[in-house]
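S.K.: Input upload.cif, format and content: mmCIF, N, CA, C and O atoms.
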data_protein
#
loop_
_atom_site.label_atom_id
_atom_site.label_comp_id
_atom_site.auth_asym_id
_atom_site.auth_seq_id
_atom_site.Cartn_x
_atom_site.Cartn_y
_atom_site.Cartn_z
N VAL X 24 -5.45 2.57 81.30
CA VAL X 24 -5.57 3.92 80.72
C VAL X 24 -5.43 3.80 79.20
O VAL X 24 -4.46 3.23 78.71
N GLU X 25 -6.43 4.33 78.48
CA GLU X 25 -6.37 4.27 77.02
C GLU X 25 -5.62 5.48 76.48
O GLU X 25 -5.83 6.60 76.95
N THR X 26 -4.76 5.24 75.51
CA THR X 26 -4.08 6.38 74.90
C THR X 26 -4.98 6.94 73.81
O THR X 26 -5.57 6.16 73.05
N PRO X 27 -5.14 8.24 73.78
CA PRO X 27 -6.01 8.81 72.74
C PRO X 27 -5.42 8.54 71.36
O PRO X 27 -4.21 8.53 71.19
N LYS X 28 -6.30 8.28 70.41
CA LYS X 28 -5.86 8.04 69.04
C LYS X 28 -5.43 9.35 68.41
O LYS X 28 -6.06 10.38 68.64
N ALA X 29 -4.38 9.28 67.63
CA ALA X 29 -3.95 10.48 66.90
C ALA X 29 -5.02 10.82 65.87
O ALA X 29 -5.64 9.92 65.31
N PRO X 30 -5.27 12.10 65.65
CA PRO X 30 -6.27 12.44 64.63
C PRO X 30 -5.81 11.91 63.28
O PRO X 30 -4.62 11.91 62.98
N SER X 31 -6.77 11.42 62.50
CA SER X 31 -6.38 10.84 61.21
C SER X 31 -5.96 11.97 60.28
O SER X 31 -6.64 12.99 60.20
N THR X 32 -4.83 11.79 59.65
CA THR X 32 -4.36 12.83 58.73
C THR X 32 -5.11 12.68 57.42
O THR X 32 -5.41 11.57 57.01
N PRO X 33 -5.41 13.80 56.78
CA PRO X 33 -6.11 13.69 55.49
C PRO X 33 -5.21 12.93 54.52
O PRO X 33 -3.99 12.97 54.64
N LYS X 34 -5.84 12.27 53.58
CA LYS X 34 -5.06 11.49 52.61
C LYS X 34 -4.15 12.43 51.84
O LYS X 34 -4.55 13.50 51.41
N GLN X 35 -2.91 11.98 51.69
CA GLN X 35 -1.94 12.75 50.93
C GLN X 35 -2.28 12.63 49.45
O GLN X 35 -2.68 11.55 49.00
N VAL X 36 -2.14 13.72 48.72
CA VAL X 36 -2.39 13.65 47.28
C VAL X 36 -1.09 13.88 46.52
O VAL X 36 -0.15 14.46 47.05
N ALA X 37 -1.07 13.39 45.29
CA ALA X 37 0.11 13.54 44.45
C ALA X 37 -0.33 13.84 43.04
O ALA X 37 -1.36 13.35 42.59
N GLU X 38 0.47 14.63 42.35
CA GLU X 38 0.19 14.89 40.95
C GLU X 38 0.84 13.78 40.12
O GLU X 38 1.89 13.26 40.49
N ILE X 39 0.17 13.42 39.04
CA ILE X 39 0.73 12.42 38.14
C ILE X 39 0.42 12.82 36.70
O ILE X 39 -0.68 13.31 36.42
N GLN X 40 1.40 12.64 35.83
CA GLN X 40 1.19 12.86 34.40
C GLN X 40 0.92 11.50 33.77
O GLN X 40 1.54 10.52 34.13
N LEU X 41 -0.06 11.50 32.87
CA LEU X 41 -0.50 10.23 32.30
C LEU X 41 -0.66 10.43 30.80
O LEU X 41 -1.37 11.33 30.38
N GLY X 42 -0.01 9.58 30.03
CA GLY X 42 -0.12 9.69 28.59
C GLY X 42 -0.27 8.32 27.96
O GLY X 42 0.25 7.33 28.48
N THR X 43 -1.00 8.26 26.85
CA THR X 43 -1.14 7.00 26.11
C THR X 43 -1.04 7.29 24.63
O THR X 43 -1.32 8.40 24.17
N SER X 44 -0.63 6.29 23.90
CA SER X 44 -0.64 6.37 22.45
C SER X 44 -1.27 5.08 21.92
O SER X 44 -0.79 4.01 22.26
N PRO X 45 -2.34 5.16 21.14
CA PRO X 45 -3.11 6.38 20.84
C PRO X 45 -3.83 6.93 22.08
O PRO X 45 -3.89 6.24 23.09
N TYR X 46 -4.31 8.16 21.96
CA TYR X 46 -5.07 8.76 23.07
C TYR X 46 -6.22 7.85 23.45
O TYR X 46 -6.74 7.12 22.61
N ALA X 47 -6.61 7.91 24.74
CA ALA X 47 -7.68 7.02 25.20
C ALA X 47 -8.53 7.72 26.24
O ALA X 47 -8.05 8.55 27.01
N GLU X 48 -9.82 7.37 26.23
CA GLU X 48 -10.72 7.85 27.29
C GLU X 48 -10.30 7.17 28.59
O GLU X 48 -10.06 5.96 28.62
N THR X 49 -10.22 7.93 29.66
CA THR X 49 -9.62 7.44 30.90
C THR X 49 -10.63 7.45 32.04
O THR X 49 -11.28 8.46 32.29
N THR X 50 -10.76 6.32 32.70
CA THR X 50 -11.59 6.19 33.90
C THR X 50 -10.70 5.74 35.04
O THR X 50 -9.96 4.77 34.91
N ILE X 51 -10.73 6.48 36.15
CA ILE X 51 -9.91 6.13 37.31
C ILE X 51 -10.83 5.89 38.49
O ILE X 51 -11.63 6.76 38.84
N ASP X 52 -10.73 4.71 39.07
CA ASP X 52 -11.58 4.33 40.21
C ASP X 52 -13.05 4.58 39.90
O ASP X 52 -13.80 5.06 40.74
N GLY X 53 -13.45 4.28 38.66
CA GLY X 53 -14.86 4.42 38.28
C GLY X 53 -15.29 5.81 37.88
O GLY X 53 -16.43 6.03 37.51
N ARG X 54 -14.38 6.79 37.96
CA ARG X 54 -14.73 8.17 37.61
C ARG X 54 -14.10 8.55 36.27
O ARG X 54 -12.91 8.35 36.07
N LYS X 55 -14.90 9.12 35.37
CA LYS X 55 -14.38 9.49 34.05
C LYS X 55 -13.56 10.78 34.14
O LYS X 55 -13.98 11.75 34.77
N TYR X 56 -12.39 10.75 33.51
CA TYR X 56 -11.51 11.91 33.52
C TYR X 56 -11.33 12.53 32.15
O TYR X 56 -10.64 13.52 32.00
N GLY X 57 -11.91 11.92 31.10
CA GLY X 57 -11.71 12.46 29.76
C GLY X 57 -10.56 11.75 29.07
O GLY X 57 -10.10 10.70 29.50
N SER X 58 -10.08 12.36 28.00
CA SER X 58 -9.09 11.72 27.15
C SER X 58 -7.67 12.09 27.55
O SER X 58 -7.41 13.22 27.96
N THR X 59 -6.76 11.11 27.39
CA THR X 59 -5.34 11.41 27.58
C THR X 59 -4.91 12.35 26.45
O THR X 59 -5.58 12.41 25.44
N PRO X 60 -3.83 13.09 26.56
CA PRO X 60 -2.83 13.04 27.63
C PRO X 60 -3.16 13.98 28.78
O PRO X 60 -3.85 14.98 28.61
N PHE X 61 -2.65 13.62 29.95
CA PHE X 61 -2.76 14.47 31.14
C PHE X 61 -1.36 14.95 31.49
O PHE X 61 -0.66 14.33 32.29
N PHE X 62 -0.94 16.00 30.80
CA PHE X 62 0.39 16.58 31.02
C PHE X 62 0.24 18.06 31.32
O PHE X 62 -0.79 18.65 31.02
N GLY X 63 1.28 18.66 31.86
CA GLY X 63 1.30 20.10 32.08
C GLY X 63 0.11 20.53 32.91
O GLY X 63 -0.15 19.96 33.97
N PRO X 64 -0.65 21.55 32.43
CA PRO X 64 -1.76 22.06 33.24
C PRO X 64 -2.88 21.04 33.44
O PRO X 64 -3.70 21.20 34.33
N ARG X 65 -2.90 19.97 32.64
CA ARG X 65 -3.98 18.98 32.75
C ARG X 65 -3.57 17.78 33.60
O ARG X 65 -4.29 16.80 33.64
N LYS X 66 -2.39 17.83 34.24
CA LYS X 66 -1.98 16.64 34.98
C LYS X 66 -2.98 16.35 36.09
O LYS X 66 -3.70 17.24 36.54
N LEU X 67 -3.03 15.11 36.49
CA LEU X 67 -4.03 14.66 37.46
C LEU X 67 -3.52 14.80 38.88
O LEU X 67 -2.32 14.67 39.13
N THR X 68 -4.43 15.05 39.80
CA THR X 68 -4.09 15.01 41.22
C THR X 68 -4.92 13.89 41.83
O THR X 68 -6.15 13.93 41.78
N LEU X 69 -4.25 12.88 42.38
CA LEU X 69 -4.92 11.71 42.94
C LEU X 69 -4.39 11.44 44.34
O LEU X 69 -3.25 11.77 44.64
N PRO X 70 -5.21 10.80 45.18
CA PRO X 70 -4.70 10.42 46.50
C PRO X 70 -3.55 9.42 46.37
O PRO X 70 -3.56 8.58 45.47
N VAL X 71 -2.56 9.55 47.25
CA VAL X 71 -1.50 8.56 47.30
C VAL X 71 -2.14 7.21 47.61
O VAL X 71 -3.06 7.12 48.41
N GLY X 72 -1.70 6.16 46.92
CA GLY X 72 -2.29 4.84 47.11
C GLY X 72 -2.51 4.17 45.77
O GLY X 72 -1.96 4.57 44.75
N THR X 73 -3.36 3.14 45.76
CA THR X 73 -3.56 2.32 44.58
C THR X 73 -4.86 2.69 43.87
O THR X 73 -5.88 2.88 44.52
N HIS X 74 -4.80 2.80 42.57
CA HIS X 74 -5.96 3.19 41.76
C HIS X 74 -6.13 2.22 40.60
O HIS X 74 -5.15 1.79 40.01
N LYS X 75 -7.40 1.93 40.28
CA LYS X 75 -7.70 1.14 39.08
C LYS X 75 -7.96 2.11 37.95
O LYS X 75 -8.80 3.00 38.07
N VAL X 76 -7.24 1.91 36.85
CA VAL X 76 -7.35 2.82 35.72
C VAL X 76 -7.75 2.01 34.49
O VAL X 76 -7.19 0.95 34.22
N GLU X 77 -8.75 2.53 33.78
CA GLU X 77 -9.20 1.88 32.56
C GLU X 77 -9.05 2.88 31.42
O GLU X 77 -9.50 4.02 31.53
N PHE X 78 -8.38 2.43 30.37
CA PHE X 78 -8.22 3.26 29.18
C PHE X 78 -9.05 2.64 28.07
O PHE X 78 -8.99 1.43 27.86
N PHE X 79 -9.80 3.47 27.35
CA PHE X 79 -10.56 2.98 26.21
C PHE X 79 -10.02 3.66 24.96
O PHE X 79 -10.15 4.87 24.80
N ASP X 80 -9.40 2.85 24.11
CA ASP X 80 -8.83 3.33 22.86
C ASP X 80 -9.94 3.27 21.82
O ASP X 80 -10.28 2.19 21.33
N LYS X 81 -10.53 4.45 21.51
CA LYS X 81 -11.67 4.50 20.59
C LYS X 81 -11.28 4.08 19.17
O LYS X 81 -12.06 3.44 18.48
N GLN X 82 -10.06 4.45 18.75
CA GLN X 82 -9.62 4.12 17.38
C GLN X 82 -9.69 2.62 17.14
O GLN X 82 -10.07 2.16 16.09
N ASN X 83 -9.25 1.84 18.12
CA ASN X 83 -9.16 0.40 17.95
C ASN X 83 -10.21 -0.37 18.75
O ASN X 83 -10.18 -1.59 18.80
N ASN X 84 -11.11 0.39 19.40
CA ASN X 84 -12.20 -0.20 20.17
C ASN X 84 -11.69 -1.25 21.17
O ASN X 84 -12.19 -2.36 21.24
N LYS X 85 -10.67 -0.85 21.93
CA LYS X 85 -10.07 -1.77 22.89
C LYS X 85 -9.97 -1.12 24.26
O LYS X 85 -9.76 0.09 24.36
N LYS X 86 -10.13 -1.96 25.30
CA LYS X 86 -9.97 -1.48 26.68
C LYS X 86 -8.68 -2.02 27.25
O LYS X 86 -8.31 -3.16 26.99
N TYR X 87 -8.03 -1.20 28.03
CA TYR X 87 -6.81 -1.60 28.72
C TYR X 87 -6.99 -1.25 30.19
O TYR X 87 -7.40 -0.13 30.52
N ARG X 88 -6.69 -2.20 31.06
CA ARG X 88 -6.87 -1.94 32.49
C ARG X 88 -5.54 -2.08 33.22
O ARG X 88 -4.80 -3.04 33.01
N TYR X 89 -5.30 -1.10 34.07
CA TYR X 89 -4.05 -1.08 34.83
C TYR X 89 -4.34 -0.75 36.28
O TYR X 89 -5.38 -0.16 36.61
N GLN X 90 -3.40 -1.12 37.11
CA GLN X 90 -3.41 -0.66 38.49
C GLN X 90 -2.21 0.28 38.62
O GLN X 90 -1.09 -0.09 38.27
N ILE X 91 -2.48 1.48 39.08
CA ILE X 91 -1.41 2.45 39.30
C ILE X 91 -1.28 2.67 40.80
O ILE X 91 -2.28 2.96 41.47
N LYS X 92 -0.08 2.51 41.30
CA LYS X 92 0.16 2.75 42.72
C LYS X 92 1.05 3.98 42.84
O LYS X 92 2.18 3.98 42.35
N ILE X 93 0.50 5.03 43.46
CA ILE X 93 1.27 6.25 43.70
C ILE X 93 1.81 6.14 45.12
O ILE X 93 1.04 6.10 46.08
N LYS X 94 3.14 6.04 45.23
CA LYS X 94 3.75 5.81 46.54
C LYS X 94 3.96 7.10 47.32
O LYS X 94 3.93 7.08 48.54
N ALA X 95 4.17 8.22 46.60
CA ALA X 95 4.42 9.50 47.28
C ALA X 95 4.34 10.62 46.26
O ALA X 95 4.51 10.39 45.06
N PRO X 96 4.08 11.85 46.74
CA PRO X 96 4.12 12.98 45.82
C PRO X 96 5.54 13.12 45.27
O PRO X 96 6.51 12.97 46.01
N ASP X 97 5.65 13.37 43.99
CA ASP X 97 6.95 13.53 43.35
C ASP X 97 6.70 14.29 42.05
O ASP X 97 5.83 13.90 41.27
N PRO X 98 7.45 15.37 41.81
CA PRO X 98 7.21 16.13 40.56
C PRO X 98 7.47 15.30 39.31
O PRO X 98 7.04 15.66 38.22
N ASN X 99 8.15 14.16 39.45
CA ASN X 99 8.45 13.32 38.29
C ASN X 99 7.45 12.19 38.08
O ASN X 99 7.67 11.34 37.22
N ASN X 100 6.37 12.14 38.88
CA ASN X 100 5.40 11.05 38.72
C ASN X 100 4.81 11.09 37.32
O ASN X 100 4.20 12.08 36.92
N LYS X 101 5.00 9.98 36.59
CA LYS X 101 4.59 9.98 35.19
C LYS X 101 4.44 8.55 34.69
O LYS X 101 5.26 7.69 35.02
N VAL X 102 3.40 8.32 33.89
CA VAL X 102 3.20 7.03 33.23
C VAL X 102 2.87 7.31 31.77
O VAL X 102 1.98 8.11 31.48
N VAL X 103 3.59 6.65 30.87
CA VAL X 103 3.30 6.76 29.44
C VAL X 103 3.20 5.35 28.87
O VAL X 103 4.13 4.56 29.01
N ILE X 104 2.05 5.04 28.25
CA ILE X 104 1.80 3.69 27.75
C ILE X 104 1.56 3.75 26.24
O ILE X 104 0.72 4.53 25.78
N GLN X 105 2.28 2.93 25.51
CA GLN X 105 2.05 2.77 24.06
C GLN X 105 1.29 1.47 23.88
O GLN X 105 1.87 0.40 24.05
N PHE X 106 -0.01 1.57 23.57
CA PHE X 106 -0.83 0.35 23.50
C PHE X 106 -0.43 -0.57 22.35
O PHE X 106 -0.52 -1.78 22.47
N LEU X 107 -0.04 0.00 21.23
CA LEU X 107 0.12 -0.82 20.03
C LEU X 107 1.55 -1.31 19.81
O LEU X 107 1.83 -2.01 18.86
N LYS X 108 2.46 -0.88 20.69
CA LYS X 108 3.84 -1.35 20.57
C LYS X 108 4.10 -2.28 21.75
O LYS X 108 3.42 -2.22 22.76
N ASN X 109 5.12 -3.09 21.62
CA ASN X 109 5.44 -3.96 22.74
C ASN X 109 6.46 -3.33 23.68
O ASN X 109 7.06 -4.02 24.49
N ASP X 110 6.66 -2.03 23.55
CA ASP X 110 7.57 -1.35 24.47
C ASP X 110 6.98 -1.37 25.87
O ASP X 110 5.78 -1.17 26.04
N PRO X 111 7.82 -1.58 26.88
CA PRO X 111 7.28 -1.47 28.25
C PRO X 111 6.85 -0.03 28.52
O PRO X 111 7.46 0.90 27.98
N PRO X 112 5.81 0.15 29.32
CA PRO X 112 5.39 1.53 29.66
C PRO X 112 6.52 2.27 30.34
O PRO X 112 7.35 1.67 31.02
N LYS X 113 6.55 3.59 30.12
CA LYS X 113 7.51 4.44 30.84
C LYS X 113 6.87 4.80 32.18
O LYS X 113 5.77 5.34 32.22
N VAL X 114 7.57 4.50 33.26
CA VAL X 114 7.06 4.82 34.59
C VAL X 114 8.16 5.57 35.32
O VAL X 114 9.28 5.08 35.43
N GLU X 115 7.84 6.79 35.79
CA GLU X 115 8.84 7.61 36.47
C GLU X 115 8.32 8.09 37.81
O GLU X 115 7.12 8.11 38.04
N GLY X 116 9.25 8.49 38.66
CA GLY X 116 8.86 9.03 39.97
C GLY X 116 8.46 7.93 40.94
O GLY X 116 8.93 6.79 40.84
N GLN X 117 7.56 8.26 41.85
CA GLN X 117 7.13 7.34 42.92
C GLN X 117 5.87 6.59 42.49
O GLN X 117 4.84 6.66 43.16
N VAL X 118 5.96 5.89 41.36
CA VAL X 118 4.77 5.25 40.78
C VAL X 118 5.10 3.81 40.41
O VAL X 118 6.19 3.53 39.94
N GLU X 119 4.14 2.91 40.64
CA GLU X 119 4.24 1.53 40.16
C GLU X 119 3.05 1.28 39.26
O GLU X 119 1.95 1.74 39.54
N LEU X 120 3.25 0.48 38.21
CA LEU X 120 2.19 0.20 37.25
C LEU X 120 2.10 -1.30 37.06
O LEU X 120 3.10 -1.99 36.94
N LYS X 121 0.86 -1.81 37.05
CA LYS X 121 0.64 -3.23 36.84
C LYS X 121 -0.51 -3.39 35.86
O LYS X 121 -1.57 -2.81 36.05
N LYS X 122 -0.30 -4.18 34.79
CA LYS X 122 -1.36 -4.44 33.83
C LYS X 122 -2.32 -5.45 34.44
O LYS X 122 -1.89 -6.42 35.05
N LEU X 123 -3.62 -5.23 34.30
CA LEU X 123 -4.60 -6.11 34.94
C LEU X 123 -5.17 -7.19 34.04
O LEU X 123 -5.64 -8.18 34.51
N ASP X 124 -5.18 -7.01 32.72
CA ASP X 124 -5.71 -8.09 31.88
C ASP X 124 -4.56 -8.80 31.20
O ASP X 124 -3.77 -8.20 30.57
#
Since I need it in another form, could you write the structure as structure tokens?
M.R.:
Amino acid sequence: VETPKAPSTPKQVAEIQLGTSPYAETTIDGRKYGSTPFFGPRKLTLPVGTHKVEFFDKQNNKKYRYQIKIKAPDPNNKVVIQFLKNDPPKVEGQVELKKLD
């Protein structure tokens, strides 16, 4: 006797705030989202899981690539990256960040 499969639940989504200094054009999973910052009413809503994020700093003509893993919805989900300083990125809430290059 086969047990029926549970219906697949829709992917959970989570809001995340994303900021960079200097501001950068942002592409997530190949889709353009415009320029940072994504705070307040502009915060992003993404499926829970792992995303490839590319930031293009127009001022310095440089690309930065990261992997962002959203583990769960959390009002504190936030990533702030300072490209030109050696400070570690600020990562808050249920988020993990990994630099790809």
S.K.: So, counting all atoms listed in the file, which residue among X:Pro64, X:Pro70, X:Gly57, X:Pro45 is closest to X:Gln105?
M.R.: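 Closest to X:Gln105 of all the choices is X:Pro45.
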S.K.: I'd like to see the residues matched by the PyMOL selection byres ((chain X and resi 104) around 4.5) on this file, and ideally I'd get them as a PyMOL selection string.
M.R.: chain X and resi 42-44+102-103+105-106
S.K.: Measuring atom to atom with only C-alpha atoms, identify which of X:Gly116, X:Gly53, X:Gly63, X:Gly72 is nearest to X:Asp97.
M.R.: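 Between X:Gly116, X:Gly53, X:Gly63, X:Gly72, the residue approaching X:Asp97 most closely is X:Gly116.
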S.K.: Could you pull out the strand (DSSP E) residues of chain X, going by DSSP on the backbone, and write them as a PyMOL selection string?
M.R.: chain X and resi 36-44+48-51+54-58+67-70+72-80+85-93+101-105+113-115+118-122
S.K.: Would you kindly return, as an MDAnalysis selection string, each protein, DNA or RNA residue with an atom no farther than 7 Å from any atom of X:Lys122, considering all atoms listed in the file and excluding same-chain residues fewer than 5 positions away?
M.R.: chainID X and resid 88:90
S.K.: Go ahead and save the picked residues with N, CA, C and O atoms, as a PDB file, in the frame of the given file.
M.R.:
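In the end it all went to again-v8.pdb:
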ATOM      1  N   ARG X  88      -6.690  -2.200  31.060  1.00  0.00           N
ATOM      2  CA  ARG X  88      -6.870  -1.940  32.490  1.00  0.00           C
ATOM      3  C   ARG X  88      -5.540  -2.080  33.220  1.00  0.00           C
ATOM      4  O   ARG X  88      -4.800  -3.040  33.010  1.00  0.00           O
ATOM      5  N   TYR X  89      -5.300  -1.100  34.070  1.00  0.00           N
ATOM      6  CA  TYR X  89      -4.050  -1.080  34.830  1.00  0.00           C
ATOM      7  C   TYR X  89      -4.340  -0.750  36.280  1.00  0.00           C
ATOM      8  O   TYR X  89      -5.380  -0.160  36.610  1.00  0.00           O
ATOM      9  N   GLN X  90      -3.400  -1.120  37.110  1.00  0.00           N
ATOM     10  CA  GLN X  90      -3.410  -0.660  38.490  1.00  0.00           C
ATOM     11  C   GLN X  90      -2.210   0.280  38.620  1.00  0.00           C
ATOM     12  O   GLN X  90      -1.090  -0.090  38.270  1.00  0.00           O
TER      13      GLN X  90
END
S.K.: Spell out the residues picked by the PyMOL selection byres ((chain X and resi 79) around 7) here, as JSON, numbers by chain.
M.R.: {"X": [45, 46, 47, 48, 49, 50, 77, 78, 80, 81, 82, 84, 85, 86, 87]}
S.K.: When the PyMOL selection byres ((chain X and resi 66) around 7) is applied to the file above, which residues end up in the set, as an MDAnalysis selection string?
M.R.: chainID X and resid 38:41 60:65 67:68
S.K.: Suppose we keep N, CA, C and O atoms; can you now write the selection as a compact mmCIF listing (two decimals), in the frame of the given file?
M.R.:
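out_33.txt, freshly written:
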# COMPACT_ATOMS: atom_id res chain seq x y z
N GLU X 38 0.47 14.63 42.35
CA GLU X 38 0.19 14.89 40.95
C GLU X 38 0.84 13.78 40.12
O GLU X 38 1.89 13.26 40.49
N ILE X 39 0.17 13.42 39.04
CA ILE X 39 0.73 12.42 38.14
C ILE X 39 0.42 12.82 36.70
O ILE X 39 -0.68 13.31 36.42
N GLN X 40 1.40 12.64 35.83
CA GLN X 40 1.19 12.86 34.40
C GLN X 40 0.92 11.50 33.77
O GLN X 40 1.54 10.52 34.13
N LEU X 41 -0.06 11.50 32.87
CA LEU X 41 -0.50 10.23 32.30
C LEU X 41 -0.66 10.43 30.80
O LEU X 41 -1.37 11.33 30.38
N PRO X 60 -3.83 13.09 26.56
CA PRO X 60 -2.83 13.04 27.63
C PRO X 60 -3.16 13.98 28.78
O PRO X 60 -3.85 14.98 28.61
N PHE X 61 -2.65 13.62 29.95
CA PHE X 61 -2.76 14.47 31.14
C PHE X 61 -1.36 14.95 31.49
O PHE X 61 -0.66 14.33 32.29
N PHE X 62 -0.94 16.00 30.80
CA PHE X 62 0.39 16.58 31.02
C PHE X 62 0.24 18.06 31.32
O PHE X 62 -0.79 18.65 31.02
N GLY X 63 1.28 18.66 31.86
CA GLY X 63 1.30 20.10 32.08
C GLY X 63 0.11 20.53 32.91
O GLY X 63 -0.15 19.96 33.97
N PRO X 64 -0.65 21.55 32.43
CA PRO X 64 -1.76 22.06 33.24
C PRO X 64 -2.88 21.04 33.44
O PRO X 64 -3.70 21.20 34.33
N ARG X 65 -2.90 19.97 32.64
CA ARG X 65 -3.98 18.98 32.75
C ARG X 65 -3.57 17.78 33.60
O ARG X 65 -4.29 16.80 33.64
N LEU X 67 -3.03 15.11 36.49
CA LEU X 67 -4.03 14.66 37.46
C LEU X 67 -3.52 14.80 38.88
O LEU X 67 -2.32 14.67 39.13
N THR X 68 -4.43 15.05 39.80
CA THR X 68 -4.09 15.01 41.22
C THR X 68 -4.92 13.89 41.83
O THR X 68 -6.15 13.93 41.78
S.K.: May I ask for the distance between atom CA of X:Lys75 and atom CA of X:Ile51, given in Å to one decimal place?
M.R.: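 Taking atom CA of X:Lys75 and atom CA of X:Ile51, their separation equals 5.7 Å.
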S.K.: For atom N of X:Lys113 and atom N of X:Lys101, determine how far apart the two atoms are, in Å to one decimal place.
M.R.: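 Separating atom N of X:Lys113 from atom N of X:Lys101 is a distance of 9.2 Å.
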S.K.: From the set X:Lys55, X:Lys108, X:Leu69, X:Gln117, which residue has the shortest atom-to-atom contact distance to X:Lys94, counting only C-alpha atoms?
M.R.: X:Gln117
S.K.: Please compute the atom CA of X:Asp52-atom CA of X:Asn83 distance, one decimal, in Å.
M.R.: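 These atoms are spaced 22.7 Å apart.
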S.K.: Taking only N, CA, C and O atoms into account, name the residue in X:Arg54, X:Leu107, X:Ile93, X:Val71 that is nearest to X:Gln35.
M.R.: X:Val71
S.K.: Please complete stretch 62-68 of chain X so it has all heavy atoms, and hand it over as a short mmCIF file (atom, residue, chain, number, x, y, z; two decimals), keeping the file's coordinate frame.
M.R.:
data_model
loop_
_atom_site.label_atom_id
_atom_site.label_comp_id
_atom_site.auth_asym_id
_atom_site.auth_seq_id
_atom_site.Cartn_x
_atom_site.Cartn_y
_atom_site.Cartn_z
N PHE X 62 -0.94 16.00 30.80
CA PHE X 62 0.39 16.58 31.02
C PHE X 62 0.24 18.06 31.32
O PHE X 62 -0.79 18.65 31.02
CB PHE X 62 1.27 16.43 29.77
CG PHE X 62 1.70 15.02 29.47
CD1 PHE X 62 1.64 14.53 28.19
CD2 PHE X 62 2.17 14.19 30.47
CE1 PHE X 62 2.04 13.24 27.90
CE2 PHE X 62 2.57 12.89 30.19
CZ PHE X 62 2.51 12.42 28.90
N GLY X 63 1.28 18.66 31.86
CA GLY X 63 1.30 20.10 32.08
C GLY X 63 0.11 20.53 32.91
O GLY X 63 -0.15 19.96 33.97
N PRO X 64 -0.65 21.55 32.43
CA PRO X 64 -1.76 22.06 33.24
C PRO X 64 -2.88 21.04 33.44
O PRO X 64 -3.70 21.20 34.33
CB PRO X 64 -2.26 23.28 32.45
CG PRO X 64 -1.71 23.12 31.07
CD PRO X 64 -0.48 22.25 31.16
N ARG X 65 -2.90 19.97 32.64
CA ARG X 65 -3.98 18.98 32.75
C ARG X 65 -3.57 17.78 33.60
O ARG X 65 -4.29 16.80 33.64
CB ARG X 65 -4.38 18.47 31.36
CG ARG X 65 -5.20 19.45 30.57
CD ARG X 65 -5.82 18.78 29.35
NE ARG X 65 -6.91 17.89 29.73
CZ ARG X 65 -7.13 16.69 29.19
NH1 ARG X 65 -6.33 16.22 28.27
NH2 ARG X 65 -8.14 15.96 29.58
N LYS X 66 -2.39 17.83 34.24
CA LYS X 66 -1.98 16.64 34.98
C LYS X 66 -2.98 16.35 36.09
O LYS X 66 -3.70 17.24 36.54
CB LYS X 66 -0.56 16.76 35.51
CG LYS X 66 -0.32 17.83 36.51
CD LYS X 66 1.17 17.89 36.82
CE LYS X 66 1.52 19.26 37.35
NZ LYS X 66 2.89 19.61 37.16
N LEU X 67 -3.03 15.11 36.49
CA LEU X 67 -4.03 14.66 37.46
C LEU X 67 -3.52 14.80 38.88
O LEU X 67 -2.32 14.67 39.13
CB LEU X 67 -4.35 13.17 37.21
CG LEU X 67 -4.88 12.82 35.83
CD1 LEU X 67 -4.86 11.32 35.62
CD2 LEU X 67 -6.29 13.35 35.66
N THR X 68 -4.43 15.05 39.80
CA THR X 68 -4.09 15.01 41.22
C THR X 68 -4.92 13.89 41.83
O THR X 68 -6.15 13.93 41.78
CB THR X 68 -4.41 16.36 41.90
OG1 THR X 68 -3.67 17.38 41.23
CG2 THR X 68 -4.01 16.34 43.36
#
